[in-house]
>>> print(open('data-v6.txt').read())   # compact mmCIF, C-alpha atoms
# COMPACT_ATOMS: atom_id res chain seq x y z
CA MET A 111 84.84 52.83 108.53
CA ASN A 112 81.70 53.15 110.57
CA ARG A 113 83.15 52.53 113.99
CA THR A 114 81.83 54.73 116.73
CA TYR A 115 84.10 55.74 119.58
CA GLU A 116 83.52 57.61 122.76
CA LEU A 117 86.45 59.71 123.82
CA MET A 118 86.45 61.17 127.29
CA PHE A 119 89.24 63.35 128.51
CA ILE A 120 90.00 65.47 131.54
CA VAL A 121 91.38 68.95 131.25
CA ARG A 122 92.99 71.01 134.00
CA PRO A 123 90.40 72.93 136.03
CA ASP A 124 92.19 76.25 135.57
CA MET A 125 91.90 76.16 131.78
CA PRO A 126 89.66 78.97 130.49
CA GLU A 127 86.55 78.23 128.45
CA GLU A 128 87.78 79.58 125.17
CA GLU A 129 90.91 77.45 125.34
CA GLN A 130 88.75 74.41 125.87
CA ASP A 131 86.69 75.35 122.83
CA LYS A 132 89.87 75.88 120.86
CA LEU A 133 91.06 72.44 121.79
CA ILE A 134 87.73 70.90 120.82
CA SER A 135 87.72 72.65 117.47
CA THR A 136 91.29 71.46 116.83
CA LEU A 137 90.14 67.92 117.46
CA GLU A 138 87.11 68.45 115.28
CA SER A 139 89.25 69.56 112.37
CA ALA A 140 91.47 66.53 112.87
CA VAL A 141 88.39 64.33 112.75
CA SER A 142 87.01 65.80 109.56
CA SER A 143 90.41 65.86 107.86
CA SER A 144 90.80 62.12 108.31
CA GLY A 145 87.32 61.49 106.96
CA GLY A 146 85.50 60.96 110.21
CA GLN A 147 82.55 62.64 111.74
CA MET A 148 82.13 64.20 115.13
CA LYS A 149 78.81 63.08 116.43
CA SER A 150 78.55 65.01 119.67
CA VAL A 151 80.50 67.08 122.11
CA GLU A 152 79.50 67.17 125.73
CA LYS A 153 81.16 69.22 128.38
CA MET A 154 80.45 67.51 131.63
CA GLY A 155 81.83 70.37 133.68
CA LYS A 156 84.11 70.47 136.63
CA ARG A 157 84.13 67.38 138.76
CA ARG A 158 86.08 66.20 141.71
CA LEU A 159 88.57 63.53 140.74
CA ALA A 160 88.58 60.26 142.65
CA TYR A 161 92.35 60.52 143.05
CA SER A 162 94.85 63.26 142.38
CA VAL A 163 96.19 63.37 138.85
CA ARG A 164 99.32 65.49 138.34
CA ARG A 165 98.60 67.05 141.71
CA PHE A 166 95.12 68.27 140.65
CA ARG A 167 92.06 67.37 142.70
CA ASP A 168 89.42 68.61 140.22
CA GLY A 169 89.11 68.49 136.49
CA VAL A 170 86.88 69.44 133.60
CA TYR A 171 85.45 66.41 131.84
CA ILE A 172 84.76 66.55 128.11
CA LEU A 173 83.07 63.78 126.19
CA LEU A 174 83.28 63.38 122.42
CA THR A 175 81.48 60.88 120.27
CA VAL A 176 83.34 60.28 117.06
CA GLU A 177 82.65 58.12 114.05
CA GLY A 178 85.61 56.94 112.04
CA GLY A 179 88.36 54.41 111.69
CA GLY A 180 91.03 53.23 114.07
CA ALA A 181 93.68 55.51 112.63
CA LEU A 182 91.51 58.50 113.54
CA VAL A 183 91.47 57.46 117.17
CA HIS A 184 95.22 57.02 117.07
CA GLU A 185 95.57 60.55 115.74
CA LEU A 186 93.22 62.06 118.32
CA GLU A 187 94.96 60.30 121.17
CA ARG A 188 98.33 61.46 119.92
CA ARG A 189 97.10 65.04 119.93
CA LEU A 190 95.66 64.70 123.40
CA ARG A 191 98.85 63.19 124.71
CA VAL A 192 100.82 66.14 123.41
CA THR A 193 98.39 68.78 124.69
CA GLU A 194 99.67 69.96 128.02
CA PRO A 195 96.38 70.79 129.83
CA VAL A 196 94.91 67.36 129.15
CA LEU A 197 95.38 65.16 132.20
CA LYS A 198 93.80 61.87 131.18
CA PHE A 199 91.86 60.38 128.33
CA LEU A 200 89.92 57.22 127.67
CA THR A 201 88.62 55.92 124.35
CA VAL A 202 85.92 53.29 124.23
CA ARG A 203 84.55 51.69 121.13
CA ILE A 204 80.77 51.76 121.34
CA ASP A 205 79.34 50.64 118.01
CA GLU A 206 79.12 46.98 118.98
CA GLU A 207 77.51 47.89 122.27
CA GLN A 208 75.01 50.14 120.53
CA LYS A 209 74.17 47.37 118.09
CA ARG A 210 73.55 44.98 120.97
CA LEU A 211 71.33 47.48 122.78
CA GLU A 212 69.33 48.18 119.64
CA LYS A 213 68.84 44.47 119.11
CA ILE A 214 67.58 44.02 122.64
CA ALA A 215 65.30 47.01 122.36
CA LYS A 216 63.91 45.65 119.12
CA ILE A 217 63.28 42.23 120.61
CA ARG A 218 61.60 43.78 123.60
CA ALA A 219 59.41 45.99 121.42
CA ALA A 220 58.50 43.05 119.19
CA ARG A 221 57.73 40.89 122.18
CA ARG A 222 55.48 43.55 123.63
CA LYS A 223 53.64 43.93 120.35
CA VAL A 224 53.02 40.24 119.83
CA SER A 225 52.20 39.53 123.43
CA ALA A 226 48.57 39.50 122.32
CA THR A 227 49.18 36.69 119.82
CA PRO A 228 50.84 33.72 121.58
CA ALA A 229 51.73 31.97 118.29
CA ALA A 230 54.46 34.42 117.30
CA GLU A 231 56.08 34.37 120.75
CA THR A 232 57.93 31.12 120.12
CA GLY A 233 59.75 32.79 117.23
CA SER A 234 61.11 35.62 119.37
CA GLU A 235 61.96 33.45 122.39
CA PRO A 236 65.15 31.72 121.17
CA ALA A 237 66.52 35.04 119.90
CA ALA A 238 65.94 36.56 123.32
CA VAL A 239 67.90 33.75 125.00
CA THR A 240 71.01 34.34 122.87
CA ALA A 241 70.83 38.11 123.48
CA MET B 1439 78.30 -2.29 158.40
CA ALA B 1440 75.36 -4.27 159.71
CA GLU B 1441 73.51 -3.69 156.47
CA GLU B 1442 76.40 -5.10 154.51
CA THR B 1443 76.47 -8.43 156.34
CA SER B 1444 72.71 -8.86 156.25
CA THR B 1445 72.46 -8.40 152.49
CA THR B 1446 75.36 -10.74 151.71
CA VAL B 1447 73.96 -13.49 153.96
CA ALA B 1448 70.34 -13.32 152.90
CA PRO B 1449 69.59 -13.29 149.18
CA ALA B 1450 68.07 -9.85 148.62
CA ALA B 1451 65.56 -9.18 145.92
CA GLU B 1452 67.53 -6.20 144.57
CA THR B 1453 70.54 -7.93 143.00
CA PRO B 1454 69.96 -11.06 140.87
CA SER B 1455 73.47 -12.63 140.65
CA THR B 1456 75.21 -13.89 143.79
CA PRO B 1457 78.94 -13.18 143.10
CA GLU B 1458 78.20 -9.55 142.10
CA ARG B 1459 76.17 -8.89 145.20
CA PRO B 1460 78.95 -8.22 147.76
CA GLU B 1461 80.70 -5.80 145.38
CA ARG B 1462 77.51 -3.96 144.68
CA THR B 1463 76.44 -3.56 148.23
CA GLU B 1464 79.92 -2.49 149.29
CA ARG B 1465 80.08 0.11 146.58
CA GLY B 1466 76.59 1.27 147.33
CA ASP B 1467 77.28 1.65 151.01
CA ARG B 1468 80.56 3.41 150.38
CA GLY B 1469 78.75 5.79 148.07
CA GLU B 1470 76.19 6.55 150.71
CA ARG B 1471 78.83 7.05 153.38
CA ARG B 1472 80.63 9.63 151.27
CA PRO B 1473 79.89 13.14 152.52
CA PHE B 1474 78.44 14.45 149.28
CA ARG B 1475 74.74 15.07 149.14
CA PRO B 1476 73.13 14.60 145.77
CA GLY B 1477 70.37 17.07 145.04
CA GLY B 1478 69.24 19.98 147.12
CA GLY B 1479 70.17 19.25 150.66
CA PRO B 1480 70.64 21.89 153.34
CA GLY B 1481 73.85 22.87 151.56
CA GLY B 1482 71.70 24.68 149.04
CA PRO B 1483 72.04 24.64 145.27
CA GLY B 1484 72.59 28.37 145.32
CA GLY B 1485 76.12 27.95 146.60
CA ARG B 1486 77.56 27.26 150.02
CA GLU B 1487 78.50 30.30 152.01
CA GLY B 1488 81.44 29.24 154.06
CA GLY B 1489 79.84 26.33 155.87
CA ARG B 1490 76.39 27.81 156.40
CA LYS B 1491 73.88 25.05 156.60
CA TYR B 1492 70.60 26.77 156.01
CA PHE B 1493 69.28 28.07 152.80
CA ARG B 1494 70.06 31.71 152.38
CA ARG B 1495 67.39 33.77 150.63
CA LYS B 1496 68.41 33.66 146.98
CA LYS B 1497 69.81 37.03 145.88
CA VAL B 1498 68.66 38.16 142.48
CA CYS B 1499 70.73 39.98 139.92
CA LYS B 1500 69.80 43.64 140.08
CA PHE B 1501 70.45 44.12 136.38
CA CYS B 1502 68.33 41.19 135.30
CA VAL B 1503 65.42 42.27 137.47
CA GLU B 1504 65.42 45.93 136.50
CA LYS B 1505 66.37 45.10 132.91
CA ILE B 1506 69.29 47.50 132.88
CA GLU B 1507 71.16 46.54 129.75
CA ALA B 1508 73.75 49.27 129.38
CA ILE B 1509 76.32 49.30 132.15
CA ASN B 1510 78.30 52.41 131.35
CA TYR B 1511 81.45 53.57 133.03
CA LYS B 1512 79.89 57.03 133.24
CA ASP B 1513 77.09 56.32 135.72
CA VAL B 1514 79.19 56.40 138.84
CA ARG B 1515 76.24 56.13 141.19
CA LEU B 1516 75.26 52.74 139.78
CA LEU B 1517 78.82 51.47 139.81
CA ALA B 1518 79.54 52.73 143.30
CA GLN B 1519 76.89 50.35 144.66
CA PHE B 1520 79.10 47.43 143.67
CA VAL B 1521 82.31 48.85 145.03
CA ALA B 1522 83.36 48.30 148.64
CA GLU B 1523 84.51 50.95 151.08
CA SER B 1524 88.09 50.10 150.23
CA GLY B 1525 87.39 50.67 146.54
CA LYS B 1526 87.50 46.96 145.70
CA ILE B 1527 84.95 45.38 143.38
CA VAL B 1528 82.50 43.34 145.46
CA PRO B 1529 82.38 39.64 144.49
CA ARG B 1530 79.20 38.43 142.90
CA ARG B 1531 78.41 35.94 145.62
CA LEU B 1532 77.75 38.90 147.91
CA THR B 1533 75.84 41.08 145.49
CA GLY B 1534 73.97 38.33 143.68
CA VAL B 1535 74.79 39.65 140.23
CA CYS B 1536 74.76 37.11 137.43
CA THR B 1537 77.99 36.27 135.62
CA PRO B 1538 77.60 38.15 132.31
CA HIS B 1539 76.52 41.28 134.15
CA GLN B 1540 79.31 40.94 136.65
CA ARG B 1541 81.83 40.79 133.81
CA ARG B 1542 80.42 43.92 132.19
CA LEU B 1543 80.19 45.65 135.53
CA SER B 1544 83.78 44.82 136.27
CA THR B 1545 84.95 46.22 132.93
CA ALA B 1546 82.93 49.38 133.51
CA ILE B 1547 84.39 49.85 136.99
CA LYS B 1548 87.90 49.43 135.66
CA GLN B 1549 87.24 51.97 132.93
CA ALA B 1550 85.79 54.38 135.48
CA ARG B 1551 88.87 53.93 137.63
CA ASN B 1552 91.08 54.79 134.72
CA ILE B 1553 89.28 58.05 134.05
CA ALA B 1554 89.30 59.03 137.75
CA LEU B 1555 85.57 58.61 138.27
CA LEU B 1556 86.16 55.89 140.81
CA PRO B 1557 89.20 55.45 143.01
CA PHE B 1558 91.56 52.53 142.80
CA ALA B 1559 91.75 52.45 146.59
CA GLY B 1560 89.77 54.33 149.19
CA ARG B 1561 86.20 55.53 149.46
CA PRO B 1562 84.50 56.76 146.28
CA SER B 1563 83.87 60.47 146.95
>>> encode(input="data-v6.txt", output="structure tokens")
Amino acid sequence: MNRTYELMFIVRPDMPEEEQDKLISTLESAVSSSGGQMKSVEKMGKRRLAYSVRRFRDGVYILLTVEGGGALVHELERRLRVTEPVLKFLTVRIDEEQKRLEKIAKIRAARRKVSATPAAETGSEPAAVTA
Amino acid sequence: MAEETSTTVAPAAETPSTPERPERTERGDRGERRPFRPGGGPGGPGGREGGRKYFRRKKVCKFCVEKIEAINYKDVRLLAQFVAESGKIVPRRLTGVCTPHQRRLSTAIKQARNIALLPFAGRPS
């Protein structure tokens, strides 16, 4: 139950701030009620859309990072689908990617540390190839 | 063809047994006549570019060189470099990106398209 998801959705540009916050808090309560955890909320502001969605040319982008199970994502997406001002949403699972990045960062840090001693380099080399 | 007749007539030092010699030389000559060039000829091991004969300067993968590991759908500026004017994803033989990075890049571009950060067709604004 430690999957991390990134949920990005677009809201109509003419939606007032407090309604956006209300929506976010609704989602937050949904997250905590199903035993998840909201890691971060980021409002990316109004952006021009690359193509018109429901006849809108701009939209407000909101990014949520959520930790929880698959059922939680299902629930959040269902809510977003029903919410009228939400134009589009996209959920990406990021825990595997984060693990991979951490592993690479660790290998790189280890390689930098042992670059003084050439003996230990052979140990980190095959791991670097697979990564 | 002249080589063939000369080797069959005169006992060459290459092949020891006489009956096998004509077969061997024929096969050898046929192999040489075939248009494939073993090893790095002017065709270039980096991949032929539509009949170009000379070695094109080898393009390096931007991600491997700069050690960019995370290709996110959110950084539109990075992704837009690999998208053509028409909005199509540029093939890797033109950009020089290596295969694993091209796959990740392609997934990221498709995700960005879905969330209206990049267009499906047309210039990325």
>>> closest_residue(input="data-v6.txt", among="B:Val1503, B:Ala1508, B:Ala1522, B:Val1498", to="Leu1556 (chain B)", atoms="all atoms listed in the file")
B:Ala1522
>>> interface_residues(input="data-v6.txt", of="chain B", to="chain A", cutoff="12 Å", atoms="all atoms listed in the file", output="JSON, numbers by chain")
{"B": [1505, 1506, 1507, 1508, 1509, 1510, 1511, 1512, 1514, 1518, 1525, 1538, 1542, 1545, 1546, 1548, 1549, 1550, 1551, 1552, 1553, 1554, 1555, 1556, 1557, 1558, 1559, 1560, 1561, 1562, 1563]}
>>> atom_distance(input="data-v6.txt", atom1="CA of Ser1524 (chain B)", atom2="CA of Val170 (chain A)")
25.5 Å
>>> residues_around(input="data-v6.txt", residues="His1539 (chain B)", least_positions_apart="4", cutoff="9 Å", atoms="all atoms listed in the file", output="ChimeraX atom specification")
/B:1499,1501-1502,1507,1509,1535,1543-1544
>>> atom_distance(input="data-v6.txt", atom1="CA of Lys1500 (chain B)", atom2="CA of Asp1513 (chain B)")
15.3 Å
>>> axis_aligned_box(input="data-v6.txt", around="region 204-207 of chain A", padding_each_side="6 Å", output="JSON")
{"center_x": 79.1, "center_y": 49.4, "center_z": 120.1, "size_x": 15.3, "size_y": 16.8, "size_z": 16.3}
>>> residues_around(input="data-v6.txt", residues="Tyr115 (chain A)", least_positions_apart="6", cutoff="9 Å", atoms="all atoms listed in the file", output="list in words")
Leu174, Thr175, Val176, Glu177, Gly178, Val183, Thr201, Val202, Arg203, Ile204 and Asp205 of chain A
>>> atom_distance(input="data-v6.txt", atom1="CA of Gly146 (chain A)", atom2="CA of Glu212 (chain A)")
22.7 Å
>>> decode(input="data-v6.txt", residues="region 120-211 of chain A", atoms="C-alpha atoms", output="short mmCIF file (atom, residue, chain, number, x, y, z; two decimals), in the first residue's frame")
data_model
loop_
_atom_site.label_atom_id
_atom_site.label_comp_id
_atom_site.auth_asym_id
_atom_site.auth_seq_id
_atom_site.Cartn_x
_atom_site.Cartn_y
_atom_site.Cartn_z
CA ILE A 120 -6.98 20.66 -15.50
CA VAL A 121 -9.74 22.85 -14.21
CA ARG A 122 -11.70 25.46 -16.15
CA PRO A 123 -9.93 28.84 -16.16
CA ASP A 124 -13.01 30.69 -14.93
CA MET A 125 -13.21 28.70 -11.70
CA PRO A 126 -12.59 30.92 -8.66
CA GLU A 127 -9.75 30.18 -6.24
CA GLU A 128 -11.87 29.14 -3.31
CA GLU A 129 -13.74 26.61 -5.41
CA GLN A 130 -10.43 25.13 -6.46
CA ASP A 131 -9.39 24.88 -2.83
CA LYS A 132 -12.73 23.30 -1.99
CA LEU A 133 -12.20 20.70 -4.66
CA ILE A 134 -8.69 19.97 -3.42
CA SER A 135 -9.87 19.59 0.16
CA THR A 136 -12.63 17.23 -1.01
CA LEU A 137 -10.01 15.10 -2.69
CA GLU A 138 -7.82 15.28 0.37
CA SER A 139 -10.59 13.97 2.58
CA ALA A 140 -11.21 11.17 0.10
CA VAL A 141 -7.54 10.29 0.27
CA SER A 142 -7.36 10.18 4.04
CA SER A 143 -10.64 8.30 4.37
CA SER A 144 -9.33 5.46 2.23
CA GLY A 145 -6.13 5.29 4.25
CA GLY A 146 -3.85 7.14 1.90
CA GLN A 147 -1.72 10.17 2.33
CA MET A 148 -1.57 13.33 0.30
CA LYS A 149 2.05 14.13 -0.18
CA SER A 150 1.89 17.45 -1.97
CA VAL A 151 -0.42 19.80 -3.75
CA GLU A 152 0.92 22.09 -6.42
CA LYS A 153 -1.09 24.62 -8.30
CA MET A 154 0.70 25.20 -11.53
CA GLY A 155 -1.48 28.14 -12.46
CA LYS A 156 -3.18 29.10 -15.65
CA ARG A 157 -1.59 27.77 -18.78
CA ARG A 158 -2.44 27.81 -22.40
CA LEU A 159 -3.65 24.43 -23.58
CA ALA A 160 -2.01 22.85 -26.60
CA TYR A 161 -5.44 22.13 -28.07
CA SER A 162 -8.93 23.19 -27.15
CA VAL A 163 -10.65 21.01 -24.59
CA ARG A 164 -14.42 21.48 -24.28
CA ARG A 165 -13.99 24.72 -26.19
CA PHE A 166 -11.55 26.18 -23.62
CA ARG A 167 -8.15 27.47 -24.71
CA ASP A 168 -6.65 27.93 -21.22
CA GLY A 169 -6.82 25.95 -18.04
CA VAL A 170 -5.61 25.85 -14.47
CA TYR A 171 -3.27 22.94 -13.84
CA ILE A 172 -3.21 21.28 -10.43
CA LEU A 173 -0.77 18.57 -9.46
CA LEU A 174 -1.28 16.20 -6.55
CA THR A 175 1.12 13.61 -5.23
CA VAL A 176 -0.72 10.87 -3.42
CA GLU A 177 0.42 7.78 -1.60
CA GLY A 178 -1.98 4.89 -1.41
CA GLY A 179 -3.41 1.87 -3.13
CA GLY A 180 -4.97 1.40 -6.52
CA ALA A 181 -8.51 1.64 -5.21
CA LEU A 182 -7.73 5.14 -3.95
CA VAL A 183 -6.77 6.26 -7.43
CA HIS A 184 -9.95 4.73 -8.78
CA GLU A 185 -11.95 6.71 -6.25
CA LEU A 186 -10.15 9.99 -6.98
CA GLU A 187 -10.57 9.58 -10.70
CA ARG A 188 -14.25 8.83 -10.27
CA ARG A 189 -14.68 12.04 -8.32
CA LEU A 190 -12.79 14.04 -10.90
CA ARG A 191 -14.82 12.57 -13.71
CA VAL A 192 -18.02 13.64 -11.99
CA THR A 193 -16.80 17.13 -11.11
CA GLU A 194 -18.01 19.45 -13.82
CA PRO A 195 -15.18 22.06 -13.88
CA VAL A 196 -12.49 19.42 -14.31
CA LEU A 197 -11.57 19.14 -17.97
CA LYS A 198 -8.89 16.48 -18.03
CA PHE A 199 -6.89 14.37 -15.64
CA LEU A 200 -3.89 12.10 -15.82
CA THR A 201 -2.61 9.70 -13.17
CA VAL A 202 0.91 8.36 -13.32
CA ARG A 203 2.41 5.86 -10.96
CA ILE A 204 5.78 7.17 -9.85
CA ASP A 205 7.11 4.94 -7.07
CA GLU A 206 8.99 2.62 -9.41
CA GLU A 207 10.49 5.57 -11.23
CA GLN A 208 11.53 7.19 -7.96
CA LYS A 209 13.14 3.95 -6.85
CA ARG A 210 15.10 3.76 -10.08
CA LEU A 211 16.25 7.37 -9.79
#
